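Asks: My structure is in start.txt, and what it holds is compact mmCIF, C-alpha atoms and all ligand atoms:
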```txt
# COMPACT_ATOMS: atom_id res chain seq x y z
CA MET A 1 0.00 0.00 0.00
CA SER A 2 1.26 3.48 -0.83
CA SER A 3 -0.28 6.89 -0.16
CA ILE A 4 -4.03 7.22 0.00
CA THR A 5 -5.32 9.80 -2.48
CA THR A 6 -9.03 9.08 -2.96
CA ILE A 7 -12.05 8.89 -0.68
CA SER A 8 -12.79 5.38 -1.90
CA GLN A 9 -9.31 4.19 -0.88
CA LEU A 10 -9.72 5.96 2.42
CA SER A 11 -13.11 4.41 3.11
CA LYS A 12 -11.48 0.96 2.92
CA VAL A 13 -9.24 1.71 5.88
CA LEU A 14 -11.38 4.11 7.92
CA ASN A 15 -15.03 4.09 8.78
CA LEU A 16 -15.71 7.56 7.38
CA THR A 17 -18.09 9.92 9.16
CA PRO A 18 -20.88 11.76 7.27
CA ASP A 19 -18.83 15.01 7.45
CA GLU A 20 -15.82 13.26 5.96
CA LEU A 21 -17.88 11.65 3.20
CA ALA A 22 -19.45 15.02 2.33
CA TRP A 23 -16.11 16.76 1.60
CA LYS A 24 -15.86 18.27 -1.87
CA GLU A 25 -12.58 19.07 -3.52
CA THR A 26 -12.61 22.69 -4.73
CA PRO A 27 -10.05 24.88 -6.51
CA ILE A 28 -8.78 26.26 -3.19
CA SER A 29 -8.73 23.01 -1.21
CA VAL A 30 -5.52 21.07 -0.94
CA PRO A 31 -5.67 17.56 -2.47
CA LEU A 32 -6.25 14.43 -0.44
CA SER A 33 -3.05 12.55 0.24
CA ILE A 34 -2.10 10.57 3.32
CA THR A 35 1.16 8.70 3.44
CA GLU A 36 1.31 5.06 4.43
CA HIS A 37 3.48 5.96 7.40
CA PHE A 38 1.06 8.57 8.78
CA MET A 39 -1.96 6.35 8.06
CA SER A 40 -0.44 3.65 10.22
CA LEU A 41 -0.41 6.04 13.18
CA ILE A 42 -4.13 6.83 12.97
CA ASP A 43 -6.45 5.01 15.35
CA PRO A 44 -9.22 3.73 13.02
CA ASN A 45 -11.64 3.43 15.92
CA ASP A 46 -11.50 7.08 16.93
CA PRO A 47 -13.31 9.49 14.58
CA ASN A 48 -11.74 12.37 16.55
CA ASP A 49 -8.19 11.05 16.45
CA PRO A 50 -5.88 14.11 16.46
CA LEU A 51 -3.77 12.69 13.62
CA ARG A 52 -6.83 11.86 11.56
CA ARG A 53 -8.14 15.41 11.96
CA GLN A 54 -4.96 16.80 10.40
CA VAL A 55 -5.18 14.77 7.19
CA VAL A 56 -8.75 13.54 6.58
CA PRO A 57 -10.86 16.29 4.98
CA THR A 58 -14.40 17.11 6.07
CA CYS A 59 -17.17 19.23 4.54
CA LYS A 60 -16.30 21.96 7.05
CA GLU A 61 -13.48 22.86 4.67
CA ASN A 62 -16.11 23.84 2.13
CA HIS A 63 -17.54 26.60 4.32
CA VAL A 64 -16.38 30.11 3.60
CA ASN A 65 -16.63 32.27 6.71
CA ARG A 66 -16.49 35.96 7.48
CA GLY A 67 -12.97 37.36 7.90
CA GLU A 68 -11.33 34.63 5.85
CA SER A 69 -9.14 35.01 2.82
CA GLU A 70 -7.01 32.83 0.59
CA ASP A 71 -3.97 35.00 1.26
CA PRO A 72 -4.43 36.78 4.61
CA LEU A 73 -0.70 37.33 4.96
CA GLU A 74 -0.60 39.18 1.63
CA GLU A 75 2.24 37.00 0.47
CA VAL A 76 1.32 37.57 -3.13
CA SER A 77 1.94 41.33 -2.81
CA HIS A 78 5.36 40.64 -1.25
CA SER A 79 6.37 38.24 -4.00
CA HIS A 80 9.09 38.66 -6.59
CA GLY A 81 8.12 36.28 -9.34
CA SER A 82 5.89 33.37 -8.41
CA ARG A 83 8.33 31.71 -6.01
CA LEU A 84 10.16 34.28 -3.91
CA ILE A 85 8.48 36.06 -0.97
CA HIS A 86 10.41 38.90 0.64
CA ARG A 87 8.30 39.98 3.60
CA TYR A 88 10.97 40.63 6.27
CA PRO A 89 14.15 42.59 5.49
CA SER A 90 16.70 39.94 6.49
CA ARG A 91 15.08 36.80 5.13
CA VAL A 92 13.29 35.45 2.08
CA ASN A 93 11.06 32.49 1.49
CA PHE A 94 11.58 30.43 -1.65
CA LEU A 95 8.67 28.22 -2.69
CA THR A 96 10.62 25.26 -4.07
CA THR A 97 7.54 23.32 -5.17
CA ASP A 98 3.82 23.23 -4.38
CA VAL A 99 3.78 19.47 -3.90
CA CYS A 100 3.68 17.67 -0.53
CA PRO A 101 3.68 13.91 0.06
CA MET A 102 0.77 14.42 2.45
CA TYR A 103 -1.52 17.42 2.67
CA CYS A 104 -2.48 19.03 5.96
CA ARG A 105 -6.10 20.08 6.14
CA HIS A 106 -4.97 23.16 8.07
CA CYS A 107 -2.48 24.25 5.38
CA PHE A 108 -2.32 28.06 5.41
CA ARG A 109 -0.67 28.36 2.00
CA ARG A 110 -3.47 26.56 0.17
CA ARG A 111 -3.66 29.34 -2.46
CA PHE A 112 -0.40 27.79 -3.69
CA THR A 113 0.02 24.32 -2.15
CA GLY A 114 -1.18 21.34 -4.14
CA ASN A 115 -2.03 23.23 -7.33
CA LEU A 116 0.32 20.78 -9.06
CA ALA A 117 2.37 23.57 -10.58
CA GLY A 118 5.38 21.44 -9.66
CA PRO A 119 8.97 22.34 -8.87
CA ALA A 120 10.45 25.77 -9.43
CA THR A 121 11.77 26.11 -12.97
CA GLU A 122 15.38 26.83 -13.83
CA GLN A 123 14.29 30.40 -14.56
CA ASP A 124 12.68 30.70 -11.09
CA ILE A 125 15.91 29.45 -9.53
CA GLN A 126 18.09 31.81 -11.54
CA SER A 127 15.94 34.85 -10.83
CA ALA A 128 15.90 34.03 -7.08
CA ALA A 129 19.69 33.66 -7.16
CA ALA A 130 20.02 37.00 -8.95
CA TYR A 131 17.76 38.59 -6.34
CA LEU A 132 19.98 37.25 -3.56
CA ALA A 133 23.08 38.62 -5.26
CA GLN A 134 21.43 42.06 -5.45
CA HIS A 135 20.15 41.98 -1.85
CA PRO A 136 23.03 41.35 0.55
CA GLU A 137 20.74 42.35 3.46
CA VAL A 138 19.08 38.94 3.04
CA LYS A 139 20.86 36.69 5.56
CA GLU A 140 18.50 33.70 5.52
CA MET A 141 16.43 31.79 3.01
CA LEU A 142 13.55 29.54 3.95
CA MET A 143 13.26 26.76 1.41
CA SER A 144 9.61 25.83 1.74
CA GLY A 145 6.62 25.19 -0.47
CA GLY A 146 4.95 22.73 -0.58
CA ASP A 147 7.61 20.43 0.74
CA PRO A 148 11.17 20.84 -0.59
CA LEU A 149 12.06 17.22 0.15
CA THR A 150 9.66 16.08 -2.61
CA LEU A 151 12.47 17.24 -4.95
CA SER A 152 15.24 14.83 -5.82
CA ASP A 153 18.57 15.06 -3.99
CA SER A 154 20.21 16.25 -7.21
CA MET A 155 17.62 18.99 -7.78
CA LEU A 156 18.08 20.22 -4.20
CA ASP A 157 21.84 20.05 -4.66
CA HIS A 158 21.54 22.21 -7.76
CA MET A 159 19.22 24.80 -6.14
CA ILE A 160 21.33 25.13 -3.02
CA GLY A 161 24.48 25.41 -5.12
CA GLU A 162 22.97 28.28 -7.11
CA PHE A 163 21.73 30.12 -4.01
CA ARG A 164 24.98 29.71 -2.08
CA ASN A 165 26.93 30.71 -5.14
CA ALA A 166 24.95 33.96 -5.29
CA SER A 167 25.20 34.50 -1.52
CA PRO A 168 27.88 32.30 0.11
CA HIS A 169 26.91 33.13 3.72
CA LEU A 170 23.21 32.57 3.23
CA ILE A 171 21.72 30.55 6.09
CA ILE A 172 19.23 28.08 4.65
CA ARG A 173 16.24 26.70 6.53
CA ILE A 174 14.82 23.47 5.15
CA CYS A 175 11.12 23.65 6.03
CA THR A 176 9.69 20.15 5.75
CA ARG A 177 7.08 17.86 7.17
CA PHE A 178 8.78 14.70 5.85
CA PRO A 179 10.09 13.66 9.28
CA ALA A 180 6.43 13.33 10.32
CA SER A 181 4.84 12.31 7.02
CA MET A 182 7.45 10.04 5.41
CA PRO A 183 10.61 9.70 7.49
CA SER A 184 12.07 7.11 5.08
CA ARG A 185 12.78 9.98 2.63
CA ILE A 186 15.54 11.18 4.93
CA THR A 187 18.65 9.22 4.12
CA GLU A 188 22.39 9.40 4.75
CA ASP A 189 22.79 10.47 1.10
CA LEU A 190 20.38 13.39 1.47
CA VAL A 191 22.10 14.66 4.58
CA ALA A 192 25.53 14.20 3.00
CA MET A 193 24.40 16.39 0.11
CA PHE A 194 23.49 19.21 2.53
CA LYS A 195 26.76 18.81 4.39
CA LYS A 196 28.67 19.28 1.14
CA HIS A 197 27.40 22.88 0.96
CA SER A 198 29.27 23.99 4.03
CA SER A 199 29.92 27.71 3.47
CA ALA A 200 26.98 28.55 5.77
CA PRO A 201 24.70 26.65 8.16
CA PHE A 202 21.47 24.82 7.49
CA TYR A 203 18.59 24.55 9.92
CA LEU A 204 15.96 21.85 9.70
CA MET A 205 12.46 23.23 10.38
CA THR A 206 10.01 20.44 11.18
CA GLN A 207 6.27 20.43 11.79
CA PHE A 208 5.14 18.06 14.55
CA ASN A 209 1.76 18.96 16.01
CA HIS A 210 1.06 16.02 18.31
CA PRO A 211 3.35 13.84 20.43
CA ARG A 212 2.17 10.67 18.64
CA GLU A 213 3.76 11.95 15.42
CA LEU A 214 7.20 11.63 17.02
CA THR A 215 7.75 7.98 16.20
CA GLN A 216 11.07 6.15 16.40
CA GLU A 217 11.41 6.49 12.60
CA SER A 218 10.78 10.24 12.80
CA ILE A 219 13.26 10.68 15.62
CA LYS A 220 15.86 8.71 13.66
CA ALA A 221 15.27 10.88 10.57
CA VAL A 222 15.77 14.11 12.48
CA SER A 223 18.83 12.64 14.25
CA LEU A 224 20.55 12.19 10.89
CA PHE A 225 20.42 15.96 10.43
CA VAL A 226 21.33 16.84 13.99
CA ASP A 227 24.26 14.40 14.04
CA ALA A 228 25.49 16.08 10.84
CA GLY A 229 25.53 19.46 12.59
CA ILE A 230 22.18 20.69 11.27
CA PRO A 231 20.07 21.87 14.23
CA ALA A 232 16.36 21.03 14.24
CA MET A 233 13.56 23.45 15.16
CA ASN A 234 9.88 22.68 15.28
CA GLN A 235 6.97 24.83 14.15
CA SER A 236 3.59 23.61 15.41
CA VAL A 237 0.21 25.05 14.61
CA LEU A 238 -2.30 25.38 17.44
CA LEU A 239 -5.19 23.26 16.15
CA ARG A 240 -8.59 22.71 17.70
CA GLY A 241 -9.14 19.06 18.53
CA VAL A 242 -5.50 18.22 17.81
CA ASN A 243 -3.30 20.01 20.33
CA ASP A 244 -5.37 22.80 21.92
CA ASP A 245 -4.66 21.27 25.29
CA VAL A 246 -1.90 22.16 27.69
CA ASP A 247 -1.09 18.55 28.63
CA VAL A 248 -0.74 17.54 24.97
CA LEU A 249 1.51 20.50 24.16
CA GLU A 250 3.58 19.98 27.30
CA GLU A 251 4.20 16.37 26.27
CA LEU A 252 4.93 17.39 22.66
CA CYS A 253 7.43 20.09 23.62
CA ASN A 254 9.26 17.93 26.15
CA LYS A 255 9.44 15.05 23.69
CA LEU A 256 10.74 17.37 20.96
CA LEU A 257 13.39 18.84 23.23
CA PHE A 258 14.48 15.44 24.46
CA ASN A 259 15.01 14.43 20.83
CA ARG A 260 17.11 17.52 20.10
CA ILE A 261 14.35 19.41 18.28
CA LYS A 262 13.92 22.89 19.71
CA PRO A 263 10.27 23.99 19.93
CA TYR A 264 10.46 27.26 17.99
CA TYR A 265 6.97 28.46 17.07
CA LEU A 266 3.45 27.61 18.09
CA PHE A 267 1.36 29.39 15.47
CA GLN A 268 -2.12 30.72 15.91
CA GLY A 269 -3.93 29.47 12.78
CA ASP A 270 -4.21 32.08 10.07
CA MET A 271 -7.64 33.19 8.82
CA VAL A 272 -7.33 31.09 5.68
CA THR A 273 -10.48 30.04 3.85
CA GLY A 274 -11.48 26.46 4.66
CA THR A 275 -9.65 26.10 7.98
CA SER A 276 -12.36 27.28 10.39
CA ASP A 277 -12.75 23.86 12.01
CA PHE A 278 -9.23 24.16 13.44
CA ARG A 279 -9.54 27.62 14.95
CA VAL A 280 -8.78 28.16 18.61
CA HIS A 281 -10.07 31.19 20.52
CA LEU A 282 -7.25 33.62 21.11
CA GLU A 283 -8.10 33.82 24.78
CA LYS A 284 -7.84 30.06 25.11
CA GLY A 285 -4.54 30.06 23.21
CA MET A 286 -3.12 32.69 25.52
CA GLU A 287 -4.26 30.77 28.57
CA ILE A 288 -2.52 27.65 27.23
CA GLU A 289 0.60 29.72 26.60
CA ARG A 290 0.66 31.09 30.17
CA GLU A 291 0.33 27.63 31.66
CA LEU A 292 2.96 26.18 29.29
CA ARG A 293 5.40 28.88 30.39
CA ARG A 294 4.92 27.79 33.99
CA ARG A 295 5.45 24.13 33.20
CA LEU A 296 8.15 24.12 30.52
CA SER A 297 11.80 25.05 30.63
CA GLY A 298 12.90 28.04 28.62
CA LEU A 299 14.41 25.67 26.05
CA ALA A 300 11.22 23.64 25.69
CA MET A 301 8.98 26.72 25.34
CA PRO A 302 7.83 27.69 21.82
CA ASN A 303 6.90 31.25 20.87
CA TYR A 304 3.11 31.46 20.52
CA THR A 305 2.76 33.74 17.51
CA ALA A 306 0.17 35.20 15.16
CA ASP A 307 0.75 36.36 11.63
CA LEU A 308 -1.39 39.51 11.54
CA PRO A 309 -3.94 40.03 8.75
CA ASP A 310 -3.31 42.29 5.77
CA GLY A 311 0.36 41.40 5.78
CA GLY A 312 0.97 42.84 9.26
CA GLY A 313 3.60 40.21 10.01
CA LYS A 314 4.35 38.03 13.01
CA VAL A 315 3.76 39.18 16.58
CA PRO A 316 4.20 37.30 19.85
CA LEU A 317 0.96 36.35 21.63
CA CYS A 318 2.60 35.73 24.95
CA GLY A 319 0.60 38.44 26.71
CA SER A 320 2.30 40.97 28.89
CA TYR A 321 3.71 40.52 32.35
CA ILE A 322 3.73 44.29 32.84
CA ILE A 323 0.73 45.52 34.83
CA SER A 324 1.58 49.21 34.94
CA GLN A 325 4.40 51.70 34.80
CA ASP A 326 5.19 54.45 37.34
CA LYS A 327 7.05 57.01 35.25
CA GLU A 328 7.99 59.20 38.22
CA LYS A 329 9.59 56.39 40.17
CA GLY A 330 10.96 54.79 37.03
CA SER A 331 9.39 51.47 38.02
CA TRP A 332 7.22 48.82 36.47
CA ASN A 333 4.71 46.59 38.21
CA PHE A 334 4.86 43.01 37.01
CA ARG A 335 2.74 39.96 37.54
CA THR A 336 4.76 36.83 38.10
CA PRO A 337 3.95 33.57 36.31
CA GLU A 338 2.49 32.38 39.64
CA GLY A 339 0.08 35.34 39.69
CA GLU A 340 1.83 37.47 42.33
CA THR A 341 3.06 41.02 41.78
CA ARG A 342 6.58 42.45 41.92
CA VAL A 343 8.13 45.83 41.20
CA LEU A 344 11.13 46.22 38.92
CA THR A 345 12.82 49.60 39.12
CA ASP A 346 14.99 51.06 36.40
CA PRO A 347 18.59 51.01 37.79
CA LEU A 348 18.96 54.72 36.91
CA TYR A 349 16.27 55.58 39.49
CA ILE A 350 17.59 53.57 42.44
C1 LIG B 1 7.59 33.48 9.10
C2 LIG B 1 8.22 33.94 7.88
C3 LIG B 1 9.60 34.10 7.80
C4 LIG B 1 10.55 33.76 8.94
O1 LIG B 1 10.27 34.44 10.11
P1 LIG B 1 11.11 34.13 11.44
O2 LIG B 1 10.37 34.90 12.49
O3 LIG B 1 12.49 34.61 11.21
O4 LIG B 1 11.07 32.66 11.68
C5 LIG B 1 10.13 34.58 6.61
N1 LIG B 1 9.33 34.88 5.55
C6 LIG B 1 8.00 34.75 5.61
C7 LIG B 1 7.19 35.12 4.43
C8 LIG B 1 7.39 34.26 6.78
O5 LIG B 1 6.06 34.12 6.81
S1 LIG B 2 3.34 20.22 4.80
FE1 LIG B 2 3.18 22.46 4.90
S2 LIG B 2 2.82 23.14 2.77
FE2 LIG B 2 2.41 20.90 2.86
S3 LIG B 2 0.19 20.76 3.23
FE3 LIG B 2 1.22 20.69 5.25
S4 LIG B 2 1.22 22.82 5.96
FE4 LIG B 2 0.79 22.88 3.72
```
Written as structure tokens, that's how I'd like the structure from this file.

Replies:
Amino acid sequence: MSSITTISQLSKVLNLTPDELAWKETPISVPLSITEHFMSLIDPNDPNDPLRRQVVPTCKENHVNRGESEDPLEEVSHSHGSRLIHRYPSRVNFLTTDVCPMYCRHCFRRRFTGNLAGPATEQDIQSAAAYLAQHPEVKEMLMSGGDPLTLSDSMLDHMIGEFRNASPHLIIRICTRFPASMPSRITEDLVAMFKKHSSAPFYLMTQFNHPRELTQESIKAVSLFVDAGIPAMNQSVLLRGVNDDVDVLEELCNKLLFNRIKPYYLFQGDMVTGTSDFRVHLEKGMEIERELRRRLSGLAMPNYTADLPDGGGKVPLCGSYIISQDKEKGSWNFRTPEGETRVLTDPLYI
């Protein structure tokens, strides 16, 4: 058995609910594809299984709600060509391909993902490389998509060579869900190819949303990178019915950290059309964040972050620990994580 890509294949392995059976593929929805590996982790007897929710579509995707958009981050207006997004001064995002081995129902880049446009063309690669050469303020490139590891090792080798040739000290982030969706893709050969391009560091950016996704195979796959000197960082999305629970996130973050994957971001879901079923109330998210900060070490704690609408960019949602400021005394009143208060005075005023 390979990946599942049709409802009829899916109905042979899962007892589909009426909502799941009523899903309709539309131009903005991402395709149905569930890898064999991920399928094997789904509990077929639980219609609310948190892994199932991430990959099995329902008719709730077909609802268009107020406040939603296909491109709430206004990535299109920050794009240079169809593949390069330059939203923040020091870093760019290169959309290597729109293909993923498995599609997340919460995908926020569904305007692009899964349209089957395929890999970036040689012209896309050359124009991105030229852009890098003209913009030395760009220190980092996110290679994302879609999933860059759907490309062959030799294609990745070529792209990275062109980008590093244009900008030798460019830090490259490989943004991929393969460690969760298909860990067998990550081989010694792949990692050796990255290591060959050693003029600047790579970072592996994973997406694990639930502790059950961190299987032995996944941990092994990430270890190949980390052992090769490529640090791993995780970006989770806060998803209703998947991980909107402080115990689940505590377990996820501790398990990530133990396996040398630094919890980096916990994203508030963007207001993307078709993802309303995954939305978590901001107040609930902030409450989870406060409790996580009490329970987790600084290393295990991700940054709970929203990408503001209309291209406003990322902001931390950690709430403030400042209650008030006394300008005359040069002091600030703080609440402590335990809910007490303390005064911090500016050293110049003591
Ligand atoms: C999130 C994002 C980045 C990277 O932001 P960091 O805060 O540095 O992780 C870069 N480009 C785009 C378009 C992004 O959305
Ligand atoms: S792996 Fe990323 S790009 Fe691919 S479907 Fe999931 S969220 Fe979207």

Asks: Show me, as a list in words, the residues that have an atom within 12 Å of Trp332 in chain A when counting all atoms listed in the file, minus same-chain residues fewer than 6 positions from it.

Replies: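 Answer for this query is Ser320, Tyr321, Ile322, Ile323, Ser324, Gln325, Asp326, Thr341, Arg342, Val343, Leu344, Thr345, Asp346, Pro347 and Tyr349 of chain A.
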
Asks: Near range 59-73 of chain A, counting all atoms listed in the file, which residues have an atom at most 9 Å away, once you skip same-chain residues fewer than 2 positions from it, shown as a short mmCIF file (atom, residue, chain, number, x, y, z; two decimals) with C-alpha atoms, keeping the file's coordinate frame?

Replies:
```
data_model
loop_
_atom_site.label_atom_id
_atom_site.label_comp_id
_atom_site.auth_asym_id
_atom_site.auth_seq_id
_atom_site.Cartn_x
_atom_site.Cartn_y
_atom_site.Cartn_z
CA PRO A 18 -20.88 11.76 7.27
CA ASP A 19 -18.83 15.01 7.45
CA GLU A 20 -15.82 13.26 5.96
CA LEU A 21 -17.88 11.65 3.20
CA ALA A 22 -19.45 15.02 2.33
CA TRP A 23 -16.11 16.76 1.60
CA LYS A 24 -15.86 18.27 -1.87
CA GLU A 25 -12.58 19.07 -3.52
CA THR A 26 -12.61 22.69 -4.73
CA ILE A 28 -8.78 26.26 -3.19
CA SER A 29 -8.73 23.01 -1.21
CA PRO A 57 -10.86 16.29 4.98
CA GLU A 75 2.24 37.00 0.47
CA VAL A 76 1.32 37.57 -3.13
CA ARG A 105 -6.10 20.08 6.14
CA PHE A 108 -2.32 28.06 5.41
CA ARG A 109 -0.67 28.36 2.00
CA ARG A 110 -3.47 26.56 0.17
CA ARG A 111 -3.66 29.34 -2.46
CA ASP A 270 -4.21 32.08 10.07
CA MET A 271 -7.64 33.19 8.82
CA VAL A 272 -7.33 31.09 5.68
CA THR A 273 -10.48 30.04 3.85
CA GLY A 274 -11.48 26.46 4.66
CA THR A 275 -9.65 26.10 7.98
CA SER A 276 -12.36 27.28 10.39
CA ASP A 277 -12.75 23.86 12.01
CA ASP A 307 0.75 36.36 11.63
CA LEU A 308 -1.39 39.51 11.54
CA PRO A 309 -3.94 40.03 8.75
CA ASP A 310 -3.31 42.29 5.77
CA GLY A 311 0.36 41.40 5.78
CA GLY A 312 0.97 42.84 9.26
CA GLY A 313 3.60 40.21 10.01
#
```

Asks: Smallest atom-to-atom distance to Pro31 in chain A: which of A:Pro183, A:Gly298, A:Pro119, A:Pro101, using only C-alpha atoms?

Replies: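 Checking each candidate against Pro31 in chain A, we get A:Pro101 as the closest.
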
Asks: Measuring atom to atom with only C-alpha atoms and all ligand atoms, identify which of A:Gln207, A:Ser218, A:Ser79, A:Ser154 is nearest to ligand LIG 1 (chain B).

Replies: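 Among the listed residues, A:Ser79 lies closest to ligand LIG 1 (chain B).
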
Asks: Residues up to 7 Å from ligand LIG 1 (chain B), counting only C-alpha atoms and all ligand atoms: could you list those as a list in words?

Replies: Glu75, Ile85, His86, Arg87, Tyr88, Arg91, Val92, Asn93, Leu142 and Lys314 of chain A

Asks: Residues at most 7 Å from ligand LIG 2 (chain B), using only C-alpha atoms and all ligand atoms? Could they come as a list in words?

Replies: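 Within the 7 Å cut-off, the matching residues are Cys100, Met102, Tyr103, Cys104, Arg105, His106, Cys107, Phe108, Arg109, Arg110, Thr113, Gly145, Gly146, Asp147, Thr176 and Arg177 of chain A.
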
Asks: Those same residues - C-alpha atoms - I'd like them written as a PDB file, in the coordinates of the input.

Replies:
```pdb
ATOM      1  CA  CYS A 100       3.680  17.670  -0.530  1.00  0.00           C
ATOM      2  CA  MET A 102       0.770  14.420   2.450  1.00  0.00           C
ATOM      3  CA  TYR A 103      -1.520  17.420   2.670  1.00  0.00           C
ATOM      4  CA  CYS A 104      -2.480  19.030   5.960  1.00  0.00           C
ATOM      5  CA  ARG A 105      -6.100  20.080   6.140  1.00  0.00           C
ATOM      6  CA  HIS A 106      -4.970  23.160   8.070  1.00  0.00           C
ATOM      7  CA  CYS A 107      -2.480  24.250   5.380  1.00  0.00           C
ATOM      8  CA  PHE A 108      -2.320  28.060   5.410  1.00  0.00           C
ATOM      9  CA  ARG A 109      -0.670  28.360   2.000  1.00  0.00           C
ATOM     10  CA  ARG A 110      -3.470  26.560   0.170  1.00  0.00           C
ATOM     11  CA  THR A 113       0.020  24.320  -2.150  1.00  0.00           C
ATOM     12  CA  GLY A 145       6.620  25.190  -0.470  1.00  0.00           C
ATOM     13  CA  GLY A 146       4.950  22.730  -0.580  1.00  0.00           C
ATOM     14  CA  ASP A 147       7.610  20.430   0.740  1.00  0.00           C
ATOM     15  CA  THR A 176       9.690  20.150   5.750  1.00  0.00           C
ATOM     16  CA  ARG A 177       7.080  17.860   7.170  1.00  0.00           C
TER      17      ARG A 177
END
```

Asks: Just how far from CA of Asn209 in chain A is CA of Ser236 in chain A, in Å to one decimal?

Replies: 5.0 Å

Asks: Nearest to Glu140 in chain A among A:Leu156, A:Val30, A:Ile174, A:Ala120, with distances taken over all atoms listed in the file: which residue is it?

Replies: A:Ile174

Asks: If you count only C-alpha atoms, which residues fall within 10 Å of Leu51 in chain A, apart from same-chain ones fewer than 3 positions away, as a list in words?

Replies: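 These residues fall inside the cut-off: Phe38, Met39, Leu41, Ile42, Asp43, Asn48, Gln54, Val55, Val56, Asn209, His210, Pro211, Arg212, Glu213, Gly241, Val242 and Asn243 of chain A.
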
Asks: How many Å lie between CA of Pro27 in chain A and CA of Arg53 in chain A, rounded to one decimal?

Replies: 20.8 Å

Asks: Excluding Gln126 in chain A and any residue of its chain fewer than 4 positions from it, enumerate the residues within 10 Å of it, using only C-alpha atoms, and give them as a PyMOL selection string.

Replies: chain A and resi 120-122+130-132+159+162-163+166

Asks: So that I have them on file, write out the residues from the current selection with C-alpha atoms, as a short mmCIF file (atom, residue, chain, number, x, y, z; two decimals), in the coordinates of the input.

Replies:
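This is the output file selection-v9.cif:
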```
data_model
loop_
_atom_site.label_atom_id
_atom_site.label_comp_id
_atom_site.auth_asym_id
_atom_site.auth_seq_id
_atom_site.Cartn_x
_atom_site.Cartn_y
_atom_site.Cartn_z
CA ALA A 120 10.45 25.77 -9.43
CA THR A 121 11.77 26.11 -12.97
CA GLU A 122 15.38 26.83 -13.83
CA ALA A 130 20.02 37.00 -8.95
CA TYR A 131 17.76 38.59 -6.34
CA LEU A 132 19.98 37.25 -3.56
CA MET A 159 19.22 24.80 -6.14
CA GLU A 162 22.97 28.28 -7.11
CA PHE A 163 21.73 30.12 -4.01
CA ALA A 166 24.95 33.96 -5.29
#
```

Asks: Which one is closest to Leu348 in chain A: A:Glu188, A:Pro168, A:Thr58, A:Ser331? Count only C-alpha atoms.

Replies: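 Among the listed residues, the smallest separation from Leu348 in chain A belongs to A:Ser331.
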